[in-house]
Amino acid sequence: MLRRLLGRLGAAGLLLLLVSFLVFSLVSMAPGSLETTLLGARPASPELIQNIRVQYHLDDPFLLRYLRWLADAAHLDFGRSIVTSESVSDAVSARAVVSAELAVLAFGVAATLGVPAGLAAAAWAGRAADRLITLSAILGMSAPPFAVGTLLIYLFGVRFPVLPVYGAGDGPGDRLLHLILPATALGIGLAALVVRQTRAAALGVLDQDYLTFARARGLSRARIQTTYALRNVALPIVSSLGLVLIVALPGAILVEVVFSLPGVGSLMVESVGAKDIPVVQALAIFSALYVVVVNTGVDLCSLLIDPRLRDGAAR
Amino acid sequence: GTTGEPAAGQQAPKPIDSFTYGIPTPPSSLDLTKNMNGWTSAVAVMVTQPLERFDSAGQATPVLASKVTTPTDTSVVYDLRADVKFSDGKPLTAADVVAAVQHATDGAAGAQTASILTSIKDVKATGDAQVTVTLAHPDPAIRGSIAFGVLVSEADAMKRAGADYGTAAGLPVGTGPYVYSSFKADKVELTSNPAYQGTAPRIKKLTFAGFTADTTAQLALRSGAVQANYVNAPKTTPQWKSIAGATVYSTPSLLSTYLTFDTSKAPFNDVHARRAVAHLIDRTSLARVAYGDEAQVMRGMAPDAEFVPLAGSAAAVTAFMSGLPQVAYDPAAAAKELALSATPTGFSIDVPYPSSEPFAEPVLLSLQQAAKPLGITVNLKPQTFIAWATDIYMFKPAPLGVFQIGDLQPDPNGGMALMVTKANAAPTKFNMASWTPQEIEPLALTMTQSGDRAARWAAASSILTAAAEQLPYVPLFAPNTVLVYGKGYSSSTPPDFMAFITGAWLDTLTGNAA
Amino acid sequence: MTNTTLHRPGCADAVAPTGGLIVDCLDVRLLDSRRGPRTLVQNVGFDLAAGTTLGIVGESGSGKSLTAKSIIGLLPKGLVASGSIRLGQRELVGAPERDLRALRGTSISLVMQDPFTMLHPLQTVRATLAESLDPRTRRDRARRDQEIERRLDEVGIQPAIADKRTFELSGGMRQRVGIAAALARDPQLLIADEPTTALDAGTQKEVLALLGRLQRSRGMSLILITHDLNVAFAACDRIMVMYAGTMLESGPSEALKHAPRHPYTRGLLNAAPPLTHVVDRLDAIPGTVPAAHEVLGQCAFASRCDLVVDACRTQRPPLRRLDDGHTSACLRTDQLDTTTPREPRGGDAVIAQPRPATVPLVKVENLSKAYRSTAITGRHRVFHALHDASFEIGEAEAVGLVGESGSGKSTLARCLMGLTTPDTGRIGLGGLDATDFSKLSLQQRRDAYRTVQIVFQDPYSSLNPKLTIGAALEEAVRVRGGHRTEVPGLLEQVGLPGDYAQRWPRALSGGERQRVAIARALALRPRLLICDEPVAALDVSVQAQILELLRSVQSATGMSTLFITHDLAVVRQMTSRVLVCFEGRIVESGATSQVLDDPTHPYTRRLRDAALLGARDAA
Amino acid sequence: MRARLDVPALVWAAALITLSFLTLAVFGRQLSPRDPDTQDLLLGASAPVHGHWLGTDELGRDILSRLMAATGSALAGPFVVALAAMIVGTALGLTAGYRGGLVDTIISRFADLVWSLPGLLVAIVVIGVLQGGTWLSVAVIAFLSIPHATRQTRSATLGQVRLPYVAAARTLGLARSRVVVRHILPNIRATVLTTFLLDFVTAILIFAALAFLRIGVEPGAPSWGSMLADGQSLIAVNPLQMAAPAAAIVLFAAGVTILGDWAHDTLTKDQQ
Ligand SMILES: Nc1ncnc2c1ncn2[C@@H]1O[C@H](COP(=O)(O)OP(=O)(O)OP(=O)(O)O)[C@@H](O)[C@H]1O
Ligand SMILES: Nc1ncnc2c1ncn2[C@@H]1O[C@H](COP(=O)(O)OP(=O)(O)OP(=O)(O)O)[C@@H](O)[C@H]1O
Ligand SMILES: [Mg+2]
Ligand SMILES: [Mg+2]
């Protein structure tokens, strides 16, 4: 188990390193000279360009620059934003809160809506209710979050203005109120994903022999549904929820843009638009870190749920 | 600042607990030198005040300065007010002002304001409460530029903050009626400055909130979440007007937009090719597409308002501009002009443009359609505003480009003057047409440096006439500034762009929703 | 004509004796919304007195499991039972789920076929037993643990195992835990659905003995479902024979064994090869098993019966009670020669004898193969599937390789075929060193494959579903440089009509597919044919056809065979020499008759004793 | 076989929708009631009026016509992406699954690595920073889609490789390529097809999202995502301008998904 974990962490570290390298090289591949990219919208004077060459060590070889940047990044120092000259870590952490709250809420929506609906669909497999749930899930998956978000804005902002549709609000209550629609817009697609995965997993479990055998021994319905069905469905559900957390990342970008939420997603779009390279680099690294953390978390949960995985012994 | 007399409203001014002003883009930095635009200025002047401020008629009101004099063509002397203290209690000194000027002119450190302050050679404290700015050459517009570009903050605090200055970690400390209480990506919150010497502002808590989309801003104003808003797309004005209780103020601005031809290269080194393209643009219709009814089609190379102080009256400017030759939308005439040009069968050009600006894409798409039958292929190259602006600053003119310039004072020196002469066909200058005829040089010199108003106006009108004939630019639109006040609020005089960016709007605010 | 009363169990007396079970006119239908309902089981009826054992015997798909699941009310979704099932005074068909749940575990319990899927994969043995116990016992912790220990002891499991999780147990252990759990609330009736099929011979015997012991000591009724007549004879009081969803015959075990009264039962008995001697002809039942819904209005066995008359096809023959406690659904029971037992015929003559040759065709020396589980997900595990195996196969020799499941037989075959590379040792094929196929040139590899060919166990997946029979055979023929015109000849050689060339594998029965697989191997005209359990997956009634085919091919072509099986009776019929494989080692070898009649290695003896269990012709 | 014709009504509907969109993709410009590029500056943005059933955008272009004309580009990019991912992914997956060992390890590690990246995010960063157009988008998204196809094909291949028919083909002495192409590939058709359809749908959604953020779009060319974004600011004037492209995206994606599900079910049922 430890070995597996160590292996996982090693792979994660490798992934981060690779992403960091690719992200760093991205700047050099961007059109236009490095200086102009790093200049942003400032009037270029020869002194300023010279300043930038020095500040970013542009006269050093590429690999050296990368290593220097990497060393700084390891201390969470990603330099300063070209646009605001704010320290990048500060800028990112200031905006991470809203994104985290949005993600948690959307995840809540996805889990509380998706898991029961998926289980219900499996329980009523083939019947009208199942077909309805399955079709809704397909529609939910096919509807991009920005389309759902725009629709929600139209419905609850323009037609029946009952909920705030912009900004993040102040204070916990207000914040929650502001996040309801964004979280719904993001959560619907995620819930659809969970529904499909849960349904498939539950269907797989429902016609397992051990369920029949449990019933044949006269075990109570509650026990069969919890200990038997749910526990064995839990593993695929946990991994699908992990997937949801990862899919939520790009989804959040779109939703934050639609609802003008000051989160890391909208920061990403703004920075990409403004070619604010230090911010883009940091966000890319943080995204990769997030992916790694989620994946490792899912792995750990799987190990907790399914001891079979602990020593790699299959069945 | 709010040093002026409070508005003579009918009702007694009641304090307002909280007031939110919606703006299209929240400041990315509270240091104007890093983020030079009207919206940042509107926020920053509430805390860090200028030495003096101008209104759109060119009238100056002193703010931190008690007196401003120009003893010679190349020097400006500011006498500072004695009683002014920063919000942390320290008194304002001449050294603070000198530091602010130096900060604003430090192009090597990336100060964007440096580009409008190029004529400054030196700045010195010439007394305990006196600062003298020395110019490299005469610049009649320099007071306006300093009024906009130099915002005074406490020098020690600025130094301490270092690179963080202007970020949430290094909030500027100023003398204004407000202090910053929070600075987030989507909004800036200010609270009234208890140490402020002037009349305490009516609004206790003032928030500037960013709304990228007008739709959401409208929803916010409707629901009472914001009390005033700077309309991003003037085109949406009718929608704003339909909001119950809202008052819409629409005033001419100093913003102007152009098509630019690179007159130094083929095909647009040929005036016929330029005229052909100009004939293909239906400016009247496009004005409506881009701005609704909220823009004027420009008749000369700069908006009329820019010349009013020079000519002495708006009527004089209007009379002159109406006499300038115009190139009307006329595809047949375009075909004829093209036939006369060096490229009678047409050509193909790439046009880079900022996709975020409302006028550019409609104009170019329309041109693309109209030009196709003549054999002119227009390839659209959308860019982010920043990428586009970088190319402009680096002086990489496109054969055919779009351009917009927002003047900050009604004087051609901040606008048209930068778009002519050889010296301005260079990085950080804006002669995007590379339009450098010999006869323009002396005219431009007179216009920019003469102390004689009449001589300046004569020179300006000659340049306008030459530009109308040679057509280095196709002047497009001068959109209005549209400000909306929500239910319960209004303004005793219509607030215009200058009132917005200098904070003068606070003095004319009337009403109270509470 | 014998006594011909219509047998309707339980019709006269609606109340079964205490603990007894009456099943009457049971039908099971599939309610498929699109294609209309389909009958899967029709008109099954029997009764079971308290404390006795009923065996339900039938080939795969004959409806045994559905009958069992109907009784306990656990039919899969979409299937419905009709008719009547009474346990004591209670009617179970149509009873509400709540009532049924109360009965399950206490009155009726079910042990399922596959021990590997039957238990909650993540639970400990203790938890599995605890949850199965009576709630009163369960609540008191000390009593519960004591009870669990007692129950485990009853099925022969040490208390230490109680805290292991399911996935850490072997199949036999799992089966025992399953039995203990099923019996935890002392049901009156236990249904065991093929409880031993997934286990190896040795374990099978132990589990059957355990079931018998428990049944007797508790006075419990037992329904034992199996496809192996010999198992049923050994363990049951009465036996019911099912075929294509119907019951054909039922009667006391002894009567059925010695005097089957249905042609199908008789055929089954004859088809099973004897363990003790070689017969010169294996009596196969021709044809294949039909689906239940295809034979609703006729005798289900009619198409394969040698006594068939027109009447068999116009109507389903009724079940008739015969004088000796038998019931049979045959119209012609009296024509059935009930008395003649099969005669032992011939000697070893039918088995090909090796031709003397200087060089052995196959020479295997010190072959070892270990499997490693990869380290990425877990700790390193090494499993020695094959250990220092050496043997030779001569020209035209038929060699058997026996051993229980997992003993390394297939690994050996795969090494010979170059599908697996051995770790150490040497394989010689003819003159060629074929130890590592990846080191051979393409031409050498082709030569090797023309020397040795293989027929796999599972006929259902050994043909590419996306190639027609003709295309599959043609591909093989072309490898040898032959022409497609040879295909009909090949089909004929394995007893299939020429027009089968156009068919797809899915349109063929298991036996037919196995014939095609043999034809494909023969297309290369190999000198050695390896048969890896070629009949294990086939219905008993079809097995003999394939064995007979292999024998005839062997004698016609004079090729050698390596016959891999776990069935000693099959080895007796097919080989002249046998190798016994145990835990990857070859522990005994010698002439077939000698090894089987007088085994020297204890393992071989155990194998033989297990196989002798209940065998009809056991001495 | 009759059973094959038992197609649920929903699948018929999905097929109809998909087919209509495919028709529009090919003939969209010809079928559209007006020229999608013709401007009517005087009309400007307008709610539905006679002759413009979905209204017009700010340059007075007919939204319905633009929606129809956009179908081609909305489908072409994703189609190329899915096709490329299918070809490369299937080749890699077959190789990994059949060869095993080091080759498998390398391919699988690569696939896992790329798979763990959130695609849309990477696309936004790379295409946004490099300021690429359609072709860069296609290349980047295709690259990001390859692991899905690879993993699916690989596990399907692994499922086949253990089956005796593959061993049988090998023991005929057939060349490796022949075993893979003639024996394994036809048996994993269902996986390849459904993976293709899923990748197609995913790519449609990613392209739409990018266009919505105005990343990698050609100016002036009609596109569902950017039409939706345009419609956002005119939501109060003409909600249809936003709703119509949104509906097009959802309908088409759902239609293909339903067909994919159905194909998967049918083909796997068929294989049993
Ligand atoms: N859930 C189901 N849906 C449709 N048909 C089924 C279902 N379960 C079983 N059948 C069919 O019913 C028939 C009898 O099945 P059953 O499981 O009772 O056979 P069996 O005698 O137990 O066979 P085996 O020895 O293989 O276990 C088979 O043809 C099978 O295909
Ligand atoms: N590819 C493999 N990887 C790991 N272990 C394997 C592999 N193939 C076989 N084994 C293991 O090697 C042992 C011998 O397997 P083999 O298939 O040779 O047995 P067998 O005698 O043919 O059994 P059966 O009668 O069940 O077919 C088994 O325990 C099996 O689990
Ligand atoms: Mg069964
Ligand atoms: Mg085997």
# chains A, B, ... in the order shown; residues from 1 in each chain; ligands from 1
>>> residues_near_ligand(ligand="ligand 1", cutoff="8 Å", atoms="only C-alpha atoms and all ligand atoms", output="list in words")
Leu30, Leu40, Val41, Gly58, Glu59, Ser60, Gly61, Ser62, Gly63, Lys64, Ser65, Leu66, Thr67, Ala68, Leu75, Pro76, Lys77, Gly78, Leu79, Gln113, Asp193, Glu194, Thr226, His227, Met242, Ala244, Gly245, Ala291 and Ala292 of chain C
>>> select_by_dssp(residues="range 376-481 of chain B", states="strand (DSSP E or B)", output="MDAnalysis selection string")
chainID B and resid 377:383 400:406 473:475 477:481
>>> write_last_selection(atoms="N, CA, C and O atoms", output="tab-separated table (two decimals), in the first residue's frame")
chain	number	residue	atom	x	y	z
B	377	THR	N	-9.36	42.32	-50.90
B	377	THR	CA	-9.62	41.31	-49.89
B	377	THR	C	-9.16	41.83	-48.54
B	377	THR	O	-8.00	42.22	-48.38
B	378	VAL	N	-10.06	41.84	-47.59
B	378	VAL	CA	-9.73	42.33	-46.26
B	378	VAL	C	-9.73	41.13	-45.31
B	378	VAL	O	-10.77	40.51	-45.10
B	379	ASN	N	-8.57	40.77	-44.80
B	379	ASN	CA	-8.51	39.66	-43.85
B	379	ASN	C	-8.49	40.18	-42.43
B	379	ASN	O	-7.59	40.92	-42.05
B	380	LEU	N	-9.46	39.77	-41.66
B	380	LEU	CA	-9.56	40.27	-40.29
B	380	LEU	C	-8.66	39.48	-39.36
B	380	LEU	O	-8.64	38.26	-39.37
B	381	LYS	N	-7.88	40.20	-38.60
B	381	LYS	CA	-7.00	39.56	-37.62
B	381	LYS	C	-7.33	40.07	-36.23
B	381	LYS	O	-6.73	41.06	-35.76
B	382	PRO	N	-8.29	39.44	-35.58
B	382	PRO	CA	-8.66	39.96	-34.26
B	382	PRO	C	-7.53	39.73	-33.26
B	382	PRO	O	-6.81	38.75	-33.35
B	383	GLN	N	-7.37	40.67	-32.37
B	383	GLN	CA	-6.34	40.55	-31.34
B	383	GLN	C	-6.93	40.96	-30.00
B	383	GLN	O	-7.96	41.62	-29.95
B	400	LEU	N	-3.50	48.73	-43.28
B	400	LEU	CA	-4.79	49.32	-42.94
B	400	LEU	C	-5.05	48.92	-41.50
B	400	LEU	O	-4.99	47.73	-41.16
B	401	GLY	N	-5.28	49.91	-40.65
B	401	GLY	CA	-5.49	49.56	-39.25
B	401	GLY	C	-6.65	50.32	-38.65
B	401	GLY	O	-7.27	51.16	-39.33
B	402	VAL	N	-6.95	49.98	-37.43
B	402	VAL	CA	-7.94	50.78	-36.72
B	402	VAL	C	-7.20	51.45	-35.58
B	402	VAL	O	-6.17	50.98	-35.12
B	403	PHE	N	-7.75	52.54	-35.13
B	403	PHE	CA	-7.07	53.28	-34.08
B	403	PHE	C	-8.11	54.03	-33.27
B	403	PHE	O	-9.14	54.46	-33.78
B	404	GLN	N	-7.86	54.13	-31.99
B	404	GLN	CA	-8.70	55.02	-31.22
B	404	GLN	C	-7.84	55.74	-30.20
B	404	GLN	O	-6.84	55.22	-29.71
B	405	ILE	N	-8.23	56.97	-29.94
B	405	ILE	CA	-7.45	57.75	-28.99
B	405	ILE	C	-8.42	58.51	-28.10
B	405	ILE	O	-9.40	59.06	-28.58
B	406	GLY	N	-8.20	58.42	-26.82
B	406	GLY	CA	-9.08	59.14	-25.90
B	406	GLY	C	-8.31	60.28	-25.28
B	406	GLY	O	-7.38	60.08	-24.51
B	473	TYR	N	-5.99	59.36	-42.63
B	473	TYR	CA	-6.90	58.65	-41.71
B	473	TYR	C	-8.32	58.79	-42.23
B	473	TYR	O	-8.65	59.79	-42.86
B	474	VAL	N	-9.13	57.78	-41.99
B	474	VAL	CA	-10.57	57.98	-42.16
B	474	VAL	C	-11.15	58.18	-40.78
B	474	VAL	O	-11.23	57.23	-39.99
B	475	PRO	N	-11.48	59.44	-40.43
B	475	PRO	CA	-12.06	59.64	-39.11
B	475	PRO	C	-13.42	58.97	-39.05
B	475	PRO	O	-14.20	59.04	-39.99
B	477	PHE	N	-15.82	57.75	-35.65
B	477	PHE	CA	-16.87	58.18	-34.72
B	477	PHE	C	-16.29	58.80	-33.46
B	477	PHE	O	-15.21	58.43	-33.01
B	478	ALA	N	-17.10	59.70	-32.90
B	478	ALA	CA	-16.80	60.20	-31.57
B	478	ALA	C	-17.98	59.80	-30.69
B	478	ALA	O	-19.02	60.46	-30.69
B	479	PRO	N	-17.84	58.71	-29.97
B	479	PRO	CA	-18.97	58.23	-29.18
B	479	PRO	C	-19.21	59.10	-27.96
B	479	PRO	O	-18.29	59.76	-27.48
B	480	ASN	N	-20.41	59.07	-27.48
B	480	ASN	CA	-20.73	59.81	-26.26
B	480	ASN	C	-20.30	59.01	-25.04
B	480	ASN	O	-20.13	57.80	-25.09
B	481	THR	N	-20.11	59.78	-23.95
B	481	THR	CA	-19.98	59.11	-22.67
B	481	THR	C	-21.37	58.99	-22.09
B	481	THR	O	-22.10	59.98	-22.02
>>> interface_residues(of="chain B", to="chain D", cutoff="7 Å", atoms="only C-alpha atoms", output="list in words")
Ala213, Asp214, Thr215, Ser285, Leu286, Val289, Pro362, Leu365, Leu380 and Pro382 of chain B
>>> interface_residues(of="chain D", to="chain A", cutoff="6 Å", atoms="only C-alpha atoms", output="PDB file with all heavy atoms, in the first residue's frame")
ATOM      1  N   LEU D 120     -10.221  21.068 -21.681  1.00  0.00           N
ATOM      2  CA  LEU D 120     -10.640  22.417 -22.044  1.00  0.00           C
ATOM      3  C   LEU D 120      -9.648  23.442 -21.504  1.00  0.00           C
ATOM      4  O   LEU D 120      -9.289  24.412 -22.174  1.00  0.00           O
ATOM      5  CB  LEU D 120     -12.052  22.682 -21.501  1.00  0.00           C
ATOM      6  CG  LEU D 120     -12.601  24.071 -21.758  1.00  0.00           C
ATOM      7  CD1 LEU D 120     -12.632  24.363 -23.243  1.00  0.00           C
ATOM      8  CD2 LEU D 120     -13.993  24.201 -21.179  1.00  0.00           C
ATOM      9  N   LEU D 121      -9.181  23.179 -20.286  1.00  0.00           N
ATOM     10  CA  LEU D 121      -8.256  24.104 -19.650  1.00  0.00           C
ATOM     11  C   LEU D 121      -6.971  24.214 -20.471  1.00  0.00           C
ATOM     12  O   LEU D 121      -6.497  25.313 -20.778  1.00  0.00           O
ATOM     13  CB  LEU D 121      -7.950  23.601 -18.255  1.00  0.00           C
ATOM     14  CG  LEU D 121      -7.247  24.592 -17.369  1.00  0.00           C
ATOM     15  CD1 LEU D 121      -8.266  25.484 -16.716  1.00  0.00           C
ATOM     16  CD2 LEU D 121      -6.443  23.875 -16.320  1.00  0.00           C
ATOM     17  N   GLY D 128      -5.021  29.974 -26.434  1.00  0.00           N
ATOM     18  CA  GLY D 128      -5.097  31.379 -26.077  1.00  0.00           C
ATOM     19  C   GLY D 128      -3.733  32.036 -26.132  1.00  0.00           C
ATOM     20  O   GLY D 128      -3.566  33.099 -26.717  1.00  0.00           O
ATOM     21  N   VAL D 129      -2.734  31.385 -25.543  1.00  0.00           N
ATOM     22  CA  VAL D 129      -1.415  32.008 -25.496  1.00  0.00           C
ATOM     23  C   VAL D 129      -0.777  32.030 -26.874  1.00  0.00           C
ATOM     24  O   VAL D 129      -0.186  33.021 -27.280  1.00  0.00           O
ATOM     25  CB  VAL D 129      -0.508  31.265 -24.492  1.00  0.00           C
ATOM     26  CG1 VAL D 129       0.920  31.748 -24.615  1.00  0.00           C
ATOM     27  CG2 VAL D 129      -1.008  31.498 -23.079  1.00  0.00           C
ATOM     28  N   LEU D 130      -0.926  30.943 -27.617  1.00  0.00           N
ATOM     29  CA  LEU D 130      -0.312  30.901 -28.948  1.00  0.00           C
ATOM     30  C   LEU D 130      -1.155  31.618 -29.987  1.00  0.00           C
ATOM     31  O   LEU D 130      -0.760  31.745 -31.132  1.00  0.00           O
ATOM     32  CB  LEU D 130      -0.076  29.450 -29.379  1.00  0.00           C
ATOM     33  CG  LEU D 130       0.831  28.628 -28.466  1.00  0.00           C
ATOM     34  CD1 LEU D 130       1.134  27.289 -29.098  1.00  0.00           C
ATOM     35  CD2 LEU D 130       2.121  29.373 -28.198  1.00  0.00           C
ATOM     36  N   ALA D 246     -27.515  27.793 -28.520  1.00  0.00           N
ATOM     37  CA  ALA D 246     -27.435  26.894 -27.367  1.00  0.00           C
ATOM     38  C   ALA D 246     -28.223  25.614 -27.661  1.00  0.00           C
ATOM     39  O   ALA D 246     -27.746  24.496 -27.435  1.00  0.00           O
ATOM     40  CB  ALA D 246     -27.982  27.578 -26.119  1.00  0.00           C
ATOM     41  N   VAL D 250     -26.865  21.720 -27.804  1.00  0.00           N
ATOM     42  CA  VAL D 250     -27.410  20.680 -26.926  1.00  0.00           C
ATOM     43  C   VAL D 250     -28.059  19.571 -27.752  1.00  0.00           C
ATOM     44  O   VAL D 250     -27.817  18.381 -27.524  1.00  0.00           O
ATOM     45  CB  VAL D 250     -28.425  21.295 -25.947  1.00  0.00           C
ATOM     46  CG1 VAL D 250     -29.081  20.200 -25.129  1.00  0.00           C
ATOM     47  CG2 VAL D 250     -27.746  22.299 -25.053  1.00  0.00           C
ATOM     48  N   ALA D 253     -25.378  17.499 -29.684  1.00  0.00           N
ATOM     49  CA  ALA D 253     -24.561  16.682 -28.779  1.00  0.00           C
ATOM     50  C   ALA D 253     -25.398  15.545 -28.189  1.00  0.00           C
ATOM     51  O   ALA D 253     -24.960  14.385 -28.134  1.00  0.00           O
ATOM     52  CB  ALA D 253     -23.974  17.553 -27.672  1.00  0.00           C
ATOM     53  N   ALA D 254     -26.618  15.874 -27.772  1.00  0.00           N
ATOM     54  CA  ALA D 254     -27.469  14.837 -27.177  1.00  0.00           C
ATOM     55  C   ALA D 254     -27.812  13.779 -28.222  1.00  0.00           C
ATOM     56  O   ALA D 254     -27.799  12.571 -27.934  1.00  0.00           O
ATOM     57  CB  ALA D 254     -28.732  15.471 -26.618  1.00  0.00           C
TER      58      ALA D 254
END
>>> atom_distance(atom1="CA of Val359 in chain C", atom2="CA of Ile393 in chain C")
9.7 Å
>>> interface_residues(of="chain C", to="chain A", cutoff="9 Å", atoms="only C-alpha atoms", output="ChimeraX atom specification")
/C:72-74,76,100-106,108-112,114,116-122,131-132,165-168,178,181-185,373,375-379
>>> closest_residue(among="B:Phe54, B:Tyr353, B:Phe395, B:Phe19", to="chain A", atoms="only C-alpha atoms")
B:Phe395
>>> closest_atom_pairs(of="chain B", to="chain A", cutoff="8 Å", atoms="only C-alpha atoms", output="JSON lines")
{"residue": "B:Ser28", "atom": "CA", "partner": "A:Thr84", "partner_atom": "CA", "distance": 5.3}
{"residue": "B:Ser29", "atom": "CA", "partner": "A:Thr84", "partner_atom": "CA", "distance": 5.1}
{"residue": "B:Lys34", "atom": "CA", "partner": "A:Thr84", "partner_atom": "CA", "distance": 7.0}
{"residue": "B:Asn35", "atom": "CA", "partner": "A:Thr84", "partner_atom": "CA", "distance": 7.6}
{"residue": "B:Gly107", "atom": "CA", "partner": "A:Leu48", "partner_atom": "CA", "distance": 6.8}
{"residue": "B:Ala108", "atom": "CA", "partner": "A:Leu48", "partner_atom": "CA", "distance": 4.2}
{"residue": "B:Ala109", "atom": "CA", "partner": "A:Leu48", "partner_atom": "CA", "distance": 6.2}
{"residue": "B:Gly110", "atom": "CA", "partner": "A:Arg42", "partner_atom": "CA", "distance": 6.1}
{"residue": "B:Ala111", "atom": "CA", "partner": "A:Arg42", "partner_atom": "CA", "distance": 7.4}
{"residue": "B:Gln112", "atom": "CA", "partner": "A:Arg42", "partner_atom": "CA", "distance": 5.7}
{"residue": "B:Ser115", "atom": "CA", "partner": "A:Pro43", "partner_atom": "CA", "distance": 7.1}
{"residue": "B:Ala163", "atom": "CA", "partner": "A:Ser85", "partner_atom": "CA", "distance": 6.8}
{"residue": "B:Asp164", "atom": "CA", "partner": "A:Glu86", "partner_atom": "CA", "distance": 5.9}
{"residue": "B:Gly166", "atom": "CA", "partner": "A:Thr84", "partner_atom": "CA", "distance": 7.9}
{"residue": "B:Thr167", "atom": "CA", "partner": "A:Glu86", "partner_atom": "CA", "distance": 5.5}
{"residue": "B:Ala168", "atom": "CA", "partner": "A:Glu86", "partner_atom": "CA", "distance": 7.9}
{"residue": "B:Ala169", "atom": "CA", "partner": "A:Glu86", "partner_atom": "CA", "distance": 8.0}
{"residue": "B:Lys184", "atom": "CA", "partner": "A:Ala94", "partner_atom": "CA", "distance": 7.8}
{"residue": "B:Ala185", "atom": "CA", "partner": "A:Pro262", "partner_atom": "CA", "distance": 5.9}
{"residue": "B:Asp186", "atom": "CA", "partner": "A:Pro262", "partner_atom": "CA", "distance": 5.7}
{"residue": "B:Phe211", "atom": "CA", "partner": "A:Ser260", "partner_atom": "CA", "distance": 7.1}
{"residue": "B:Thr212", "atom": "CA", "partner": "A:Ser260", "partner_atom": "CA", "distance": 7.2}
{"residue": "B:Thr216", "atom": "CA", "partner": "A:Tyr166", "partner_atom": "CA", "distance": 6.2}
{"residue": "B:Leu219", "atom": "CA", "partner": "A:Gly157", "partner_atom": "CA", "distance": 6.6}
{"residue": "B:Ala220", "atom": "CA", "partner": "A:Tyr166", "partner_atom": "CA", "distance": 7.7}
{"residue": "B:Thr384", "atom": "CA", "partner": "A:Gly273", "partner_atom": "CA", "distance": 6.0}
{"residue": "B:Phe385", "atom": "CA", "partner": "A:Ala274", "partner_atom": "CA", "distance": 7.7}
{"residue": "B:Ile386", "atom": "CA", "partner": "A:Ala41", "partner_atom": "CA", "distance": 5.3}
{"residue": "B:Ala387", "atom": "CA", "partner": "A:Ala41", "partner_atom": "CA", "distance": 7.2}
{"residue": "B:Ala389", "atom": "CA", "partner": "A:Ala41", "partner_atom": "CA", "distance": 6.0}
{"residue": "B:Thr390", "atom": "CA", "partner": "A:Ala41", "partner_atom": "CA", "distance": 5.0}
{"residue": "B:Tyr393", "atom": "CA", "partner": "A:Pro43", "partner_atom": "CA", "distance": 5.1}
{"residue": "B:Met394", "atom": "CA", "partner": "A:Ala44", "partner_atom": "CA", "distance": 6.0}
{"residue": "B:Pro427", "atom": "CA", "partner": "A:Ala44", "partner_atom": "CA", "distance": 7.0}
{"residue": "B:Thr428", "atom": "CA", "partner": "A:Pro43", "partner_atom": "CA", "distance": 5.3}
>>> closest_residue(among="D:Leu102, D:Leu193, D:Ala142, D:Ile124", to="chain C", atoms="only C-alpha atoms")
D:Leu102
>>> atom_distance(atom1="CA of Ser322 in chain B", atom2="CA of Tyr249 in chain B")
26.2 Å
